[in-house]
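Asker: My questions all concern the structure below.
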Amino acid sequence: MSTTTKFLSGAVLSALLGLVIPYWFMPFISGLCLGVFFNGTLGRKLILTFAVHWLICTVFCWFIHAQGGSDLIQRIAGVFGSQYPWLIIFISSVFYGFTASSGTIIGHVSVQWFTKK
Amino acid sequence: MRSIILFAICFVWLWFAGNSWTIGETSIPPLGKFLSPSEGFWWNALSVDDPLQDELKFDGVEGEVVLDERKVPHIFCSSDHDAYFIQGYMHAMHRLWQMDFSALAAEGRISEIIGPKAIEFDRNKRRKGLFLAARMNVEHWQKDSFLLSRIQAYVNGVNAYIHSISPKQWPVEYKLLNHRPEPWSLYRTALFHKSMAEILCGRDKDIEMTHSKIFFKHDFNFLFPEVDSLTDPVIPKGTPWPRAEFSKEEVLQDTLGIGFFPFTMETGVSGLGSNNWAVHPSKTKNGHAILCNDPHLSLTLPSIWYEQQINTPEYSVYGVGFPGVPGIVIGFNEQIAWGVTNAGWDVLDWYKIEWQDATMKKYKLDGQWVDTNVRLDTILVRGRQAVVDSVRMTHWGPVVYTDTAHRKFGLAMHWILHDAYEQQEFRAFLSLNRAKNYEDYRYACTQFPYPAQNFAYASRTGDIALTVSGNMPLKKNQEGRFVRDGSDRNNGWHGWLDPMLNPAHKNPARGFVSSANQRSTDVDFPVYFNDGDFRSYRGAMVNTFLSKQKEWDVDAMKNLQYNSFSLKAATCLPFLMSSIDSIKRATSGKLVWETLSQWNHHYDSASVAPVYFELWFDQFYRMVWDELKTNGSITYALPNEWSTMELADSIPDHIYFDFQATNVKETSRQIAAMAFDSVLQYIEKHADLKDWAHYKNAEIVHLTRIPAFGRYGIRTSGNEDIINAHAKTFGPSWRMIVELGKDSIVAYGIYPGGQSGAPGSSYYDHMVEPWSKGQYNRLHFWTSPPSSVPFMQKIFFKP
């Protein structure tokens with residue numbers, strides 16, 4: 001299994017864990033683990049972490065939208081000044097991805113600091 | 001360096017996503033948490049209408065709940081304790097945030113959630129002392145085991161639900177406003193009742209009336225009659241009264257010496273009210289008594305009402321109540337039905353307090369300088385420093401308004417909520433819930449302390465009755481109508497009327513009882529009382545319709561509750577139209593003239609005529625009373641529409657018809673013509689005046705005023721002062737019709753909202769549409785758990 005495949009598997013697991021463990025900063029913690037325990041450049045880790053978390057969150061949110069949650073999603077979109085539910089799905093997924101990516105950055109940079117010393 | 005920047009960016013991001021922010025007056029929740037798919041609003045969207053667990057276990061509680069197709073819980077239990085526990089649990093399950101928020105609002109704690117913009121709101125609530133009244137209630141309950149055990153069971157039920165859910169399951173409003181549910185308590189239940197009392201008897205026009213009394217001098221009594229020629233009282237004229245209880249001698253008026261008050265007072269919605277009536281079997285098609293009720297309140301989402309049925313071996317009762325409060329407030333049981341409207345008695349009076357000096361530590365009372373008691377209230381404010389408010393307590397009650405510029409005087413309130421009583425509103429409602437006959441109903445009515453309500457009654461035995469229930473303060477003639485001198489203890493109330501002597505009647509010869517917030521009695525009632533701001537149009541119309549028709553049935557009652565005929569329009573329009581000359585009728589005003597000529601005086605949603613009339617009458621009314629334009633913060637009460645039109649018709653050249661902006665002296669007809677011209681200009685500029693519904697632009701707002709959670713642009717007929725009293729923001733908050741047959745009870749009802757308080761639920765606002773069209777739901781009155789009829793779910797409570 002290549003490093004990229006391993007990282008992708010870890011990122012998918014991390015994104016799924018974040019959906020079931022009810023703490024908003026869960027993606028940050030799992031992203032941190034991705035940054036610490038996997039090899040690779042920061043750029044690649046960052047892109048993969050964000051993309052996987054963003055994608056899985058988007059799919060999950062669309063699933064909720066299709067499963068009868070559309071009325072509330074529409075209303076929440078309204079709270080944010082939009083009539084388009086996709087906007088709130090997009091924003092949520094971006095938040096999810098950014099939170100995970102923050103963890104990855106901090107994890108990766110921390111490892112570099114410690115190994116330098 | 002690059003690493004440090006990356007670190008910093010990440011921490012800034014986490015800090016931003018994990019905290020709430022206030023931008024201007026807008027609070028933003030912690031977005032990371034709110035948008036989280038695992039604990040934010042997405043969880044609410046995922047589970048919004050999930051079926052509940054079929055079996056719930058709580059120590060010492062046993063019962064069954066059947067949720068019908070509209071999520072109305074029908075509770076079946078073997079004891080009151082279990083029934084109220086389950087009722088509390090169901091209220092919390094469907095309306096937790098609403099209950100919590102309403103209690104916080106009544107306590108004056110909204111600033112803790114929404115920040116500085118609610119400080120004045122909170123200050124006002126605290127100065128009025130709703131929380132003190134609630135504490136008094138709780139102290140009373142603690143000495144009354146019958147009430148205490150039942151209300152405590154309800155409280156335990158609410159808390160059982162709160163403890164059963166995790167933060168991710170909290171209603172979405174908690175997440176949006178970033179607060180958490182507080183445990184329920186007896187105190188919070190009492191608070192809810194106090195907030196209802198405030199809505200119904202917590203506002204008046206004493207200050208405005210004082211200013212108008214000074215302004216109009218000798219014309220005041222003519223322009224502000226306590227009973228006008230339109231008034232058809234709740235208890236009909238000619239009803240014999242029990243012995244006189246109190247002298248009605250007129251008090252020496254000290255109004256002129258009282259002066260003006262530069263305060264902007266909180267005022268209620270004009271025209272707010274309710275209808276109820278009961279028709280005797282001799283006037284119905286099926287020979288059954290029929291009772292109808294539609295309380296008019298400010299309409300909100302979630303609705304103020306929650307529909308439910310409670311069954312115990314002792315009784316079975318169906319109706320609506322308030323989430324946060326045990327029992328049923330309006331409804332019916334196996335023997336009787338009852339409905340309520342506000343009687344509007346003035347039970348809040350204002351007293352001018354003279355301060356000794358600017359420190360406001362002493363005030364004058366009976367010729368001496370007396371110490372005030374100062375209560376320090378700390379108002380916590382989200383995102384800001386707490387605000388400390390000093391509330392000065394006097395012999396009369398709290399000083400709510402103070403002349404802050406000179407600190408020479410203040411206004412203290414004496415409010416019925418601050419007095420102690422033996423009667424308890426819950427005893428009244430719990431007694432009504434299990435009442436079997438007229439005697440039980442009468443007992444319940446005597447237990448109701450305030451705000452005075454018209455309790456209409458009908459029974460399966462064919463009796464109908466109406467009792468004006470509530471404590472009536474004994475006042476001398478005109479007392480309490482104006483601000484009074486607070487330096488004389490004799491200016492206070494003089495005791496209370498024995499509740500058994502309250503105005504009431506049973507099985508009147510006319511075959512019906514009714515109330516629509518008009519005056520309770522004619523002036524010959526042995527005790528003086530005055531009303532709030534209620535007007536007489538609806539009462540007159542209800543009585544006219546009920547008198548005319550001989551054979552009433554449920555469908556006819558539905559039509560009557562939805563009736564949009566305007567007596568105001570029918571009586572005012574002929575005068576207005578007769579003021580327009582023939583040239584204008586045929587030229588520039590032709591369209592409006594013809595539309596109004598053909599109008600049947602119904603405020604139908606698709607008709608444009610009511611728009612023209614409203615514009616015309618409002619303009620006419622404003623021009624007539626232009627003398628009373630608000631002078632700074634001095635506000636005046638205006639003569640009502642009926643008195644204005646009587647004056648316009650009988651003395652058209654009266655000085656008040658002189659329009660101040662011109663150099664000539666106008667008559668009432670000239671003012672009507674000038675107002676007509678203004679309307680034509682307005683219509684020309686506003687080509688989008690489509691019809692009444694569009695002009696009215698009715699709305700039902702969410703309690704937080706978040707637009708996305710409310711309903712706007714609702715198309716309905718009706719208006720204030722009409723039986724179907726649906727204006728822009730208030731209207732029939734619950735329509736109920738109950739036909740009490742000898743063998744069965746047939747009931748219909750609807751309210752504008754839904755059982756669920758969760759925005760996004762299919763049961764959040766699904767009844768708004770049918771309600772707006774005058775449609776009803778058939779109410780399932782199940783005295784045992786159904787097995788064959790369609791229902792949504794059964795939930796078993798087991799120990």
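The chains in the structure tokens are called A, B, ... from first to last as shown; in each chain the residues are counted from 1, and the ligands are counted from 1 in the order shown.
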Mind listing as a compact mmCIF listing (two decimals) with all heavy atoms, in the first residue's frame which residues of chain B are within 9 Å of chain A, counting only C-alpha atoms?
Answerer:
```txt
# COMPACT_ATOMS: atom_id res chain seq x y z
N SER B 3 6.43 28.06 9.73
CA SER B 3 5.71 27.20 10.67
C SER B 3 4.92 28.02 11.67
O SER B 3 3.78 27.70 12.01
CB SER B 3 6.69 26.30 11.42
OG SER B 3 7.45 25.57 10.51
N ILE B 4 5.55 29.08 12.14
CA ILE B 4 4.84 29.91 13.13
C ILE B 4 3.60 30.53 12.52
O ILE B 4 2.53 30.56 13.12
CB ILE B 4 5.80 31.01 13.68
CG1 ILE B 4 6.89 30.32 14.51
CG2 ILE B 4 5.06 32.02 14.54
CD1 ILE B 4 8.04 31.22 14.90
N LEU B 6 1.86 29.34 10.03
CA LEU B 6 0.85 28.29 9.86
C LEU B 6 0.15 27.97 11.18
O LEU B 6 -1.07 27.82 11.25
CB LEU B 6 1.50 27.02 9.29
CG LEU B 6 1.83 27.04 7.81
CD1 LEU B 6 2.65 25.83 7.42
CD2 LEU B 6 0.54 27.10 6.98
N PHE B 7 0.98 27.88 12.22
CA PHE B 7 0.42 27.63 13.56
C PHE B 7 -0.60 28.72 13.91
O PHE B 7 -1.70 28.44 14.37
CB PHE B 7 1.56 27.66 14.59
CG PHE B 7 1.83 26.32 15.20
CD1 PHE B 7 2.71 25.43 14.57
CD2 PHE B 7 1.21 25.93 16.37
CE1 PHE B 7 2.97 24.20 15.14
CE2 PHE B 7 1.45 24.69 16.93
CZ PHE B 7 2.34 23.81 16.32
N ILE B 9 -2.23 30.73 11.97
CA ILE B 9 -3.46 30.68 11.14
C ILE B 9 -4.40 29.62 11.69
O ILE B 9 -5.61 29.83 11.82
CB ILE B 9 -3.09 30.40 9.67
CG1 ILE B 9 -2.40 31.63 9.07
CG2 ILE B 9 -4.33 30.05 8.85
CD1 ILE B 9 -1.81 31.40 7.69
N CYS B 10 -3.83 28.46 12.04
CA CYS B 10 -4.67 27.36 12.54
C CYS B 10 -5.36 27.74 13.84
O CYS B 10 -6.55 27.49 14.03
CB CYS B 10 -3.83 26.10 12.75
SG CYS B 10 -3.26 25.43 11.20
N PHE B 11 -4.62 28.35 14.74
CA PHE B 11 -5.23 28.70 16.02
C PHE B 11 -6.28 29.80 15.87
O PHE B 11 -7.31 29.78 16.53
CB PHE B 11 -4.15 29.07 17.05
CG PHE B 11 -3.51 27.85 17.65
CD1 PHE B 11 -2.16 27.59 17.46
CD2 PHE B 11 -4.27 26.92 18.38
CE1 PHE B 11 -1.57 26.44 18.00
CE2 PHE B 11 -3.69 25.79 18.92
CZ PHE B 11 -2.35 25.53 18.73
N TRP B 13 -8.08 30.20 13.29
CA TRP B 13 -9.24 29.51 12.72
C TRP B 13 -10.06 28.81 13.81
O TRP B 13 -11.28 28.93 13.89
CB TRP B 13 -8.79 28.50 11.65
CG TRP B 13 -9.92 27.61 11.22
CD1 TRP B 13 -10.12 26.31 11.60
CD2 TRP B 13 -11.02 27.96 10.40
NE1 TRP B 13 -11.27 25.84 11.06
CE2 TRP B 13 -11.86 26.84 10.31
CE3 TRP B 13 -11.39 29.13 9.73
CZ2 TRP B 13 -13.04 26.83 9.57
CZ3 TRP B 13 -12.56 29.12 8.99
CH2 TRP B 13 -13.36 27.99 8.92
N LEU B 14 -9.36 28.07 14.66
CA LEU B 14 -10.05 27.33 15.72
C LEU B 14 -10.73 28.29 16.69
O LEU B 14 -11.85 28.05 17.16
CB LEU B 14 -9.06 26.44 16.48
CG LEU B 14 -8.52 25.25 15.69
CD1 LEU B 14 -7.42 24.56 16.46
CD2 LEU B 14 -9.63 24.27 15.35
N ALA B 17 -13.80 29.62 14.90
CA ALA B 17 -14.87 28.63 14.74
C ALA B 17 -15.48 28.19 16.07
O ALA B 17 -16.61 27.74 16.13
CB ALA B 17 -14.32 27.40 14.00
N GLY B 18 -14.71 28.34 17.14
CA GLY B 18 -15.19 27.82 18.43
C GLY B 18 -15.86 28.84 19.31
O GLY B 18 -16.34 28.51 20.38
N LEU B 31 -19.52 29.04 14.95
CA LEU B 31 -19.88 28.41 13.68
C LEU B 31 -19.35 26.98 13.54
O LEU B 31 -19.99 26.14 12.91
CB LEU B 31 -19.39 29.27 12.51
CG LEU B 31 -20.20 30.56 12.32
CD1 LEU B 31 -19.56 31.44 11.27
CD2 LEU B 31 -21.65 30.26 11.94
N GLY B 32 -18.18 26.73 14.13
CA GLY B 32 -17.64 25.37 14.05
C GLY B 32 -18.62 24.38 14.65
O GLY B 32 -18.91 23.31 14.08
N LYS B 33 -19.16 24.75 15.78
CA LYS B 33 -20.09 23.87 16.49
C LYS B 33 -21.45 23.84 15.77
O LYS B 33 -22.04 22.79 15.56
CB LYS B 33 -20.26 24.40 17.90
CG LYS B 33 -20.91 23.47 18.86
CD LYS B 33 -20.78 24.07 20.26
CE LYS B 33 -21.47 23.21 21.27
NZ LYS B 33 -21.37 23.78 22.62
N PHE B 34 -21.93 25.03 15.39
CA PHE B 34 -23.25 25.10 14.79
C PHE B 34 -23.33 24.36 13.45
O PHE B 34 -24.33 23.71 13.14
CB PHE B 34 -23.64 26.58 14.58
CG PHE B 34 -25.02 26.74 14.01
CD1 PHE B 34 -26.14 26.48 14.77
CD2 PHE B 34 -25.19 27.13 12.68
CE1 PHE B 34 -27.42 26.60 14.25
CE2 PHE B 34 -26.47 27.26 12.15
CZ PHE B 34 -27.58 26.99 12.93
N LEU B 35 -22.24 24.44 12.66
CA LEU B 35 -22.27 23.81 11.33
C LEU B 35 -21.75 22.37 11.36
O LEU B 35 -21.71 21.70 10.32
CB LEU B 35 -21.42 24.63 10.35
CG LEU B 35 -21.92 26.06 10.08
CD1 LEU B 35 -20.90 26.83 9.26
CD2 LEU B 35 -23.26 26.04 9.38
N SER B 36 -21.35 21.91 12.53
CA SER B 36 -20.81 20.55 12.63
C SER B 36 -21.87 19.52 12.26
O SER B 36 -22.99 19.55 12.78
CB SER B 36 -20.33 20.30 14.06
OG SER B 36 -20.23 18.92 14.29
N PRO B 37 -21.54 18.57 11.38
CA PRO B 37 -22.52 17.55 11.01
C PRO B 37 -22.84 16.58 12.16
O PRO B 37 -23.85 15.90 12.13
CB PRO B 37 -21.88 16.81 9.84
CG PRO B 37 -20.44 17.16 9.89
CD PRO B 37 -20.30 18.46 10.61
N SER B 38 -21.99 16.55 13.19
CA SER B 38 -22.23 15.58 14.26
C SER B 38 -22.94 16.19 15.47
O SER B 38 -23.62 15.49 16.21
CB SER B 38 -20.92 14.96 14.73
OG SER B 38 -20.07 15.97 15.23
N GLU B 39 -22.81 17.47 15.71
CA GLU B 39 -23.49 18.04 16.88
C GLU B 39 -24.19 19.36 16.58
O GLU B 39 -24.88 19.89 17.44
CB GLU B 39 -22.53 18.21 18.05
CG GLU B 39 -21.42 19.22 17.82
CD GLU B 39 -20.73 19.63 19.13
OE1 GLU B 39 -21.37 19.57 20.19
OE2 GLU B 39 -19.56 20.03 19.07
N GLY B 40 -24.02 19.90 15.41
CA GLY B 40 -24.64 21.17 15.08
C GLY B 40 -26.07 20.98 14.59
O GLY B 40 -26.73 19.99 14.91
N PHE B 41 -26.55 21.92 13.80
CA PHE B 41 -27.95 21.87 13.36
C PHE B 41 -28.22 20.68 12.45
O PHE B 41 -29.37 20.28 12.27
CB PHE B 41 -28.33 23.18 12.67
CG PHE B 41 -27.99 23.24 11.23
CD1 PHE B 41 -28.90 22.80 10.27
CD2 PHE B 41 -26.75 23.70 10.80
CE1 PHE B 41 -28.58 22.84 8.92
CE2 PHE B 41 -26.44 23.74 9.47
CZ PHE B 41 -27.35 23.30 8.53
N TRP B 42 -27.16 20.10 11.84
CA TRP B 42 -27.37 18.97 10.94
C TRP B 42 -27.99 17.80 11.66
O TRP B 42 -28.79 17.05 11.10
CB TRP B 42 -26.04 18.53 10.30
CG TRP B 42 -25.55 19.54 9.31
CD1 TRP B 42 -24.59 20.47 9.51
CD2 TRP B 42 -26.06 19.75 8.00
NE1 TRP B 42 -24.45 21.25 8.40
CE2 TRP B 42 -25.34 20.83 7.44
CE3 TRP B 42 -27.06 19.15 7.23
CZ2 TRP B 42 -25.58 21.30 6.16
CZ3 TRP B 42 -27.29 19.61 5.94
CH2 TRP B 42 -26.56 20.68 5.43
N TRP B 43 -27.66 17.66 12.93
CA TRP B 43 -28.27 16.56 13.69
C TRP B 43 -29.78 16.78 13.80
O TRP B 43 -30.57 15.86 13.67
CB TRP B 43 -27.63 16.46 15.09
CG TRP B 43 -27.95 15.13 15.68
CD1 TRP B 43 -27.19 14.00 15.61
CD2 TRP B 43 -29.14 14.76 16.36
NE1 TRP B 43 -27.83 12.95 16.22
CE2 TRP B 43 -29.04 13.39 16.69
CE3 TRP B 43 -30.29 15.45 16.73
CZ2 TRP B 43 -30.03 12.71 17.38
CZ3 TRP B 43 -31.28 14.77 17.41
CH2 TRP B 43 -31.15 13.41 17.72
N ASN B 44 -30.18 18.05 14.00
CA ASN B 44 -31.62 18.35 14.08
C ASN B 44 -32.30 18.05 12.75
O ASN B 44 -33.43 17.54 12.71
CB ASN B 44 -31.84 19.82 14.43
CG ASN B 44 -31.22 20.18 15.76
OD1 ASN B 44 -30.03 20.40 15.85
ND2 ASN B 44 -32.02 20.22 16.80
N ALA B 45 -31.58 18.37 11.65
CA ALA B 45 -32.17 18.13 10.33
C ALA B 45 -32.32 16.64 10.06
O ALA B 45 -33.29 16.19 9.44
CB ALA B 45 -31.30 18.77 9.25
N LEU B 46 -31.37 15.87 10.58
CA LEU B 46 -31.39 14.42 10.35
C LEU B 46 -32.53 13.75 11.11
O LEU B 46 -33.15 12.80 10.63
CB LEU B 46 -30.05 13.81 10.77
CG LEU B 46 -29.86 12.31 10.57
CD1 LEU B 46 -29.87 11.98 9.09
CD2 LEU B 46 -28.54 11.84 11.19
N SER B 47 -32.84 14.26 12.30
CA SER B 47 -33.74 13.51 13.18
C SER B 47 -35.04 14.25 13.45
O SER B 47 -35.75 13.94 14.39
CB SER B 47 -33.03 13.28 14.51
OG SER B 47 -32.72 14.53 15.09
N VAL B 48 -35.36 15.24 12.61
CA VAL B 48 -36.43 16.16 12.96
C VAL B 48 -37.78 15.47 13.22
O VAL B 48 -38.49 15.81 14.16
CB VAL B 48 -36.53 17.30 11.92
CG1 VAL B 48 -37.04 16.81 10.59
CG2 VAL B 48 -37.38 18.41 12.44
N ASP B 49 -38.15 14.53 12.40
CA ASP B 49 -39.45 13.86 12.62
C ASP B 49 -39.28 12.37 12.87
O ASP B 49 -40.17 11.58 12.54
CB ASP B 49 -40.38 14.11 11.42
CG ASP B 49 -41.01 15.48 11.50
OD1 ASP B 49 -41.29 15.93 12.62
OD2 ASP B 49 -41.20 16.11 10.45
N PRO B 167 -26.53 17.19 24.37
CA PRO B 167 -26.47 18.51 23.71
C PRO B 167 -26.76 18.47 22.21
O PRO B 167 -27.36 19.39 21.67
CB PRO B 167 -25.03 18.97 23.98
CG PRO B 167 -24.69 18.33 25.28
CD PRO B 167 -25.37 16.99 25.27
N LYS B 168 -26.35 17.38 21.55
CA LYS B 168 -26.61 17.37 20.09
C LYS B 168 -28.10 17.28 19.79
O LYS B 168 -28.55 17.62 18.70
CB LYS B 168 -25.84 16.23 19.42
CG LYS B 168 -26.38 14.85 19.69
CD LYS B 168 -25.66 13.82 18.86
CE LYS B 168 -26.25 12.43 19.09
NZ LYS B 168 -25.62 11.41 18.30
N ILE B 706 -36.37 35.62 14.06
CA ILE B 706 -35.52 35.21 12.93
C ILE B 706 -36.46 35.00 11.73
O ILE B 706 -37.33 34.12 11.77
CB ILE B 706 -34.78 33.90 13.25
CG1 ILE B 706 -33.77 34.13 14.38
CG2 ILE B 706 -34.08 33.35 12.01
CD1 ILE B 706 -33.14 32.85 14.90
N PRO B 707 -36.31 35.79 10.67
CA PRO B 707 -37.28 35.70 9.56
C PRO B 707 -37.41 34.30 8.98
O PRO B 707 -38.51 33.87 8.63
CB PRO B 707 -36.72 36.69 8.53
CG PRO B 707 -35.90 37.64 9.33
CD PRO B 707 -35.31 36.85 10.46
N ALA B 708 -36.28 33.58 8.88
CA ALA B 708 -36.34 32.27 8.21
C ALA B 708 -37.19 31.26 8.99
O ALA B 708 -37.60 30.25 8.44
CB ALA B 708 -34.93 31.73 8.04
N PHE B 709 -37.47 31.53 10.26
CA PHE B 709 -38.27 30.59 11.06
C PHE B 709 -39.74 31.02 11.16
O PHE B 709 -40.53 30.38 11.84
CB PHE B 709 -37.70 30.49 12.48
CG PHE B 709 -36.38 29.78 12.57
CD1 PHE B 709 -35.72 29.64 13.79
CD2 PHE B 709 -35.78 29.23 11.45
CE1 PHE B 709 -34.50 28.99 13.88
CE2 PHE B 709 -34.55 28.58 11.52
CZ PHE B 709 -33.91 28.46 12.73
N ALA B 758 -40.10 22.46 16.46
CA ALA B 758 -38.83 22.38 15.73
C ALA B 758 -38.99 22.93 14.31
O ALA B 758 -39.70 22.33 13.49
CB ALA B 758 -38.37 20.92 15.66
N PRO B 759 -38.33 24.05 14.01
CA PRO B 759 -38.39 24.53 12.63
C PRO B 759 -37.80 23.44 11.73
O PRO B 759 -36.74 22.92 12.01
CB PRO B 759 -37.48 25.76 12.64
CG PRO B 759 -37.31 26.13 14.07
CD PRO B 759 -37.45 24.86 14.86
N GLY B 760 -38.49 23.12 10.70
CA GLY B 760 -38.02 22.03 9.85
C GLY B 760 -38.87 20.79 10.00
O GLY B 760 -38.91 19.94 9.10
N SER B 761 -39.59 20.68 11.11
CA SER B 761 -40.50 19.54 11.27
C SER B 761 -41.71 19.74 10.35
O SER B 761 -42.14 20.85 10.10
CB SER B 761 -40.98 19.46 12.72
OG SER B 761 -42.11 18.62 12.81
N SER B 762 -42.24 18.62 9.89
CA SER B 762 -43.47 18.70 9.08
C SER B 762 -44.65 19.17 9.94
O SER B 762 -45.70 19.51 9.42
CB SER B 762 -43.82 17.32 8.52
OG SER B 762 -42.70 16.76 7.93
```
Asker: Please list as a list of chain:residue names every residue within 10 Å of Gln53 (chain B), counting only C-alpha atoms and excluding residues in the same chain fewer than 4 positions away.
Answerer: B:Gln793, B:Lys794, B:Ile795, B:Phe796
Asker: Just write the chosen residues, N, CA, C and O atoms, as a CSV table (one decimal), in the first residue's frame.
Answerer:
```
chain,number,residue,atom,x,y,z
B,793,GLN,N,-48.2,7.0,16.5
B,793,GLN,CA,-47.3,6.1,17.3
B,793,GLN,C,-47.9,6.0,18.7
B,793,GLN,O,-48.6,6.8,19.2
B,794,LYS,N,-47.5,4.8,19.4
B,794,LYS,CA,-47.9,4.7,20.8
B,794,LYS,C,-46.6,4.6,21.6
B,794,LYS,O,-45.6,4.0,21.2
B,795,ILE,N,-46.6,5.3,22.7
B,795,ILE,CA,-45.4,5.3,23.6
B,795,ILE,C,-45.9,4.8,24.9
B,795,ILE,O,-46.9,5.3,25.5
B,796,PHE,N,-45.1,3.9,25.5
B,796,PHE,CA,-45.5,3.3,26.8
B,796,PHE,C,-44.5,3.9,27.8
B,796,PHE,O,-43.3,3.8,27.6
```
Asker: Could you go through region 391-528 of chain B and tell me which residues DSSP, when run on the backbone, assigns to helix (DSSP H, G or I), listing them as a list in words?
Answerer: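 For region 391-528 of chain B, the helix (DSSP H, G or I) set is Ile416, Leu417, His418, Glu425, Phe426, Arg427, Ala428, Phe429, Leu430, Ser431, Leu432, Asn433, Tyr438, Glu439, Asp440, Tyr441, Arg442, Tyr443, Ala444, Cys445, Thr446, Arg489, Asn490, Asn491, Pro499, Met500 and Leu501 of chain B.
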Asker: Which is closest to Ile47 (chain A) among A:Cys33, A:Leu87, A:Ser14, A:Gly97, if we use only C-alpha atoms?
Answerer: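 Looking at the shortest contact to Ile47 (chain A), the residue is A:Gly97.
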Asker: Within region 341-590 of chain B, find each residue whose DSSP state, derived from the backbone, is strand (DSSP E or B), and express the selection as JSON, numbers by chain.
Answerer: {"B": [341, 342, 345, 348, 349, 350, 351, 352, 353, 354, 355, 362, 363, 364, 365, 368, 369, 370, 371, 373, 374, 375, 376, 377, 378, 379, 387, 388, 389, 390, 391, 392, 393, 398, 399, 400, 401, 402, 409, 410, 411, 412, 413, 414, 415, 453, 454, 455, 456, 457, 458, 459, 464, 465, 466, 467, 468, 469, 473, 475, 477, 484, 485, 496, 504, 505, 506, 512, 513, 514, 515, 528, 531, 552, 565]}
Asker: Residues at most 9 Å from Val227 (chain B), counting only C-alpha atoms, excluding those fewer than 2 positions away in the same chain, as a list of chain:residue names?
Answerer: B:Phe224, B:Pro225, B:Ser229, B:Leu230, B:Thr231, B:Arg519, B:Asp522, B:Val523
Asker: The selected residues should be written to file as a JSON list (two decimals), in the first residue's frame (atoms: N, CA, C and O atoms).
Answerer:
```json
[["chain", "number", "residue", "atom", "x", "y", "z"],
["B", 224, "PHE", "N", -64.95, 60.39, 25.56],
["B", 224, "PHE", "CA", -64.46, 59.11, 26.09],
["B", 224, "PHE", "C", -65.51, 58.48, 27.01],
["B", 224, "PHE", "O", -65.26, 58.30, 28.21],
["B", 225, "PRO", "N", -66.68, 58.17, 26.48],
["B", 225, "PRO", "CA", -67.71, 57.59, 27.35],
["B", 225, "PRO", "C", -67.28, 56.20, 27.81],
["B", 225, "PRO", "O", -66.64, 55.47, 27.06],
["B", 229, "SER", "N", -72.98, 54.07, 22.86],
["B", 229, "SER", "CA", -74.29, 53.58, 22.43],
["B", 229, "SER", "C", -74.18, 52.26, 21.67],
["B", 229, "SER", "O", -75.18, 51.58, 21.46],
["B", 230, "LEU", "N", -72.98, 51.88, 21.26],
["B", 230, "LEU", "CA", -72.80, 50.62, 20.53],
["B", 230, "LEU", "C", -72.66, 49.43, 21.49],
["B", 230, "LEU", "O", -72.93, 48.28, 21.12],
["B", 231, "THR", "N", -72.27, 49.71, 22.71],
["B", 231, "THR", "CA", -71.92, 48.63, 23.64],
["B", 231, "THR", "C", -73.12, 47.74, 23.98],
["B", 231, "THR", "O", -74.15, 48.21, 24.42],
["B", 519, "ARG", "N", -67.46, 45.61, 27.33],
["B", 519, "ARG", "CA", -67.70, 45.83, 28.77],
["B", 519, "ARG", "C", -68.48, 44.68, 29.37],
["B", 519, "ARG", "O", -69.38, 44.13, 28.73],
["B", 522, "ASP", "N", -73.62, 46.66, 32.08],
["B", 522, "ASP", "CA", -74.05, 48.04, 31.89],
["B", 522, "ASP", "C", -73.59, 48.84, 33.12],
["B", 522, "ASP", "O", -73.08, 48.27, 34.09],
["B", 523, "VAL", "N", -73.81, 50.15, 33.11],
["B", 523, "VAL", "CA", -73.31, 50.98, 34.22],
["B", 523, "VAL", "C", -74.05, 50.73, 35.52],
["B", 523, "VAL", "O", -73.64, 51.22, 36.57]]
```
Asker: Considering only C-alpha atoms, return as a PyMOL selection string whatever protein or nucleic-acid residues lie within 6 Å of region 204-215 of chain B, sequence-local ones (same chain, fewer than 6 positions apart) excluded.
Answerer: chain B and resi 256+481-483+635-637
Asker: For CA of His94 (chain B) and CA of Asp765 (chain B), quote the distance in Å rounded to one decimal.
Answerer: 13.0 Å
